[in-house]
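J.: This is the structure I want to talk about, given as structure tokens.
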Amino acid sequence: MSDLITKHGGYRKLKSFQVAQLIYDVTLRFCDKYIDKRSRTHDQMVQAARSGVQNIAEGSQASATSKKTEIKLTQVARASLEELKLDYEDFLRQRGLAQWKRENPLRQALIDRRCQTADDVAAWVVEVARENGLCGQIGQCGQNAATQPLSTESTASTLSTKTYPELSANAALTLLMVACSLLDRQVERLAQDFENEGGFTERLYRVRMANRTRQGQWVLAHKPKRPQ
């Protein structure tokens with residue numbers, strides 16, 4: 001790689017890209033299961049998740065010739081995930097489901113699980129649903145849930161209409177929190193690098209000046225000497 005075109009395009013190694021890609025897969029599955037496919041919300045959520053992934057990749061690739069573009073596209077990715085976060089919050093609020101608070105231990109439990117795929121997240125949701133009982137509001141079970149046994153039919157209905165959607169949406173919000181935090185730090189680092197090192201234009205100037213200096217030194221070194 002030349003001094004002018006620096007290393008670029010290594011977005012697959014970025015933790016922000018990996019988490020954003022996981023969010024995209026989780027969101028696609030979530031929307032197909034819980035959001036009407038004919039609704040505008042379905043398309044908007046899927047597109048916002050996709051935008052997060054694509055803009056991280058595009059920004060990383062563009063960094064070869066434009067740090068400004070890389071910063072801009074990374075910020076677009078961050079904004080897309082913020083939009084998606086609001087959609088998940090709306091889903092919970094409009095259905096009377098609980099949104100986990102920051103101190104909820106399930107948030108850290110999911111982070112510690114380090115899920116790699118949407119299947120991993122789905123398996124975690126099923127595991128937590130079984131461990132925490134069959135309540136619509138995880139961690140907020142009423143007395144009736146503890147004292148009155150549910151039939152098999154009502155149990156399945158509760159899991160389907162309350163527990164799984166609530167857990168799944170909160171799991172997605174937890175992953176979004178991680179991704180947004182990573183992108184915030186990434187943008188800050190990119191801005192500092194740009195401030196300290198400049199971008200393509202500055203590199204181009206330095207390369208040209210270095211070439212002129214070398215050419216001048218070569219001319220001086222090979223200049224014929226006048227006879228004494």
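Here, A, B, ... name the chains of the structure tokens in the order displayed, residue numbers run from 1 inside each chain, and ligands are numbered from 1 in the same displayed order.
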Determine, counting only C-alpha atoms, which protein, DNA and RNA residues have an atom within 12 Å of an atom of Asp87 of chain A; residues of the same chain fewer than 5 positions away are not included. Present the result as number ranges by chain.
T.: A: 27, 30-31, 35, 40-49, 80-82, 92-94, 169-170, 172-173, 176
J.: Rounded to one decimal in Å, what is the spacing between atom CA of Ala98 of chain A and atom CA of Lys85 of chain A?
T.: 14.7 Å
J.: Find the residues near Ile71 of chain A: any atom within 10 Å, counting only C-alpha atoms, skip ones fewer than 6 places away on the same chain, and give them as a VMD selection string.
T.: chain A and resid 56 59 to 60 62 to 63 77 186 to 191 194
J.: Dump C-alpha atoms for the selected residues as a CSV table (one decimal), in the first residue's frame?
T.:
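And here is the file that came out, part34.csv:
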```csv
chain,number,residue,atom,x,y,z
A,56,ILE,CA,-20.2,1.3,8.1
A,59,GLY,CA,-17.4,4.5,5.0
A,60,SER,CA,-14.6,2.1,5.7
A,62,ALA,CA,-14.2,5.2,1.2
A,63,SER,CA,-11.5,6.0,3.8
A,77,ALA,CA,-25.0,4.5,10.3
A,186,GLN,CA,-15.5,5.1,16.4
A,187,VAL,CA,-16.6,8.6,15.1
A,188,GLU,CA,-14.6,10.3,17.9
A,189,ARG,CA,-11.5,8.4,17.0
A,190,LEU,CA,-11.9,9.1,13.3
A,191,ALA,CA,-12.4,12.8,14.1
A,194,PHE,CA,-8.5,13.6,10.9
```
J.: For Ala171 of chain A, work out the shell of residues within 9 Å, counting only C-alpha atoms and skipping chain neighbours fewer than 6 positions away, then give it as a ChimeraX atom specification.
T.: /A:106-107,110,121,125
J.: Quick one: residues within 8 Å of Leu183 of chain A, only C-alpha atoms counted, chain neighbours fewer than 5 positions away excluded, as a list of chain:residue names?
T.: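 Listing them by chain and then by number gives A:Ser16, A:Thr74, A:Gln75, A:Arg78.
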J.: Next, the residues of the selection above should be written as a PDB file, in the first residue's frame with N, CA and C atoms.
T.:
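Contents of again-v3.pdb, freshly written:
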```pdb
ATOM      1  N   SER A  16     -18.070  -2.760  15.555  1.00  0.00           N
ATOM      2  CA  SER A  16     -19.315  -2.049  15.257  1.00  0.00           C
ATOM      3  C   SER A  16     -20.036  -2.687  14.070  1.00  0.00           C
ATOM      4  N   THR A  74     -20.200   6.963   8.669  1.00  0.00           N
ATOM      5  CA  THR A  74     -20.275   6.322   9.981  1.00  0.00           C
ATOM      6  C   THR A  74     -21.336   7.001  10.837  1.00  0.00           C
ATOM      7  N   GLN A  75     -21.447   8.317  10.712  1.00  0.00           N
ATOM      8  CA  GLN A  75     -22.493   9.044  11.432  1.00  0.00           C
ATOM      9  C   GLN A  75     -23.879   8.698  10.892  1.00  0.00           C
ATOM     10  N   ARG A  78     -24.826   5.501  12.448  1.00  0.00           N
ATOM     11  CA  ARG A  78     -25.242   5.742  13.840  1.00  0.00           C
ATOM     12  C   ARG A  78     -26.667   6.288  13.890  1.00  0.00           C
TER      13      ARG A  78
END
```
J.: Residues at most 9 Å from Ile111 of chain A, counting only C-alpha atoms, excluding those fewer than 5 positions away in the same chain, as a VMD selection string?
T.: chain A and resid 106 174 to 175 178
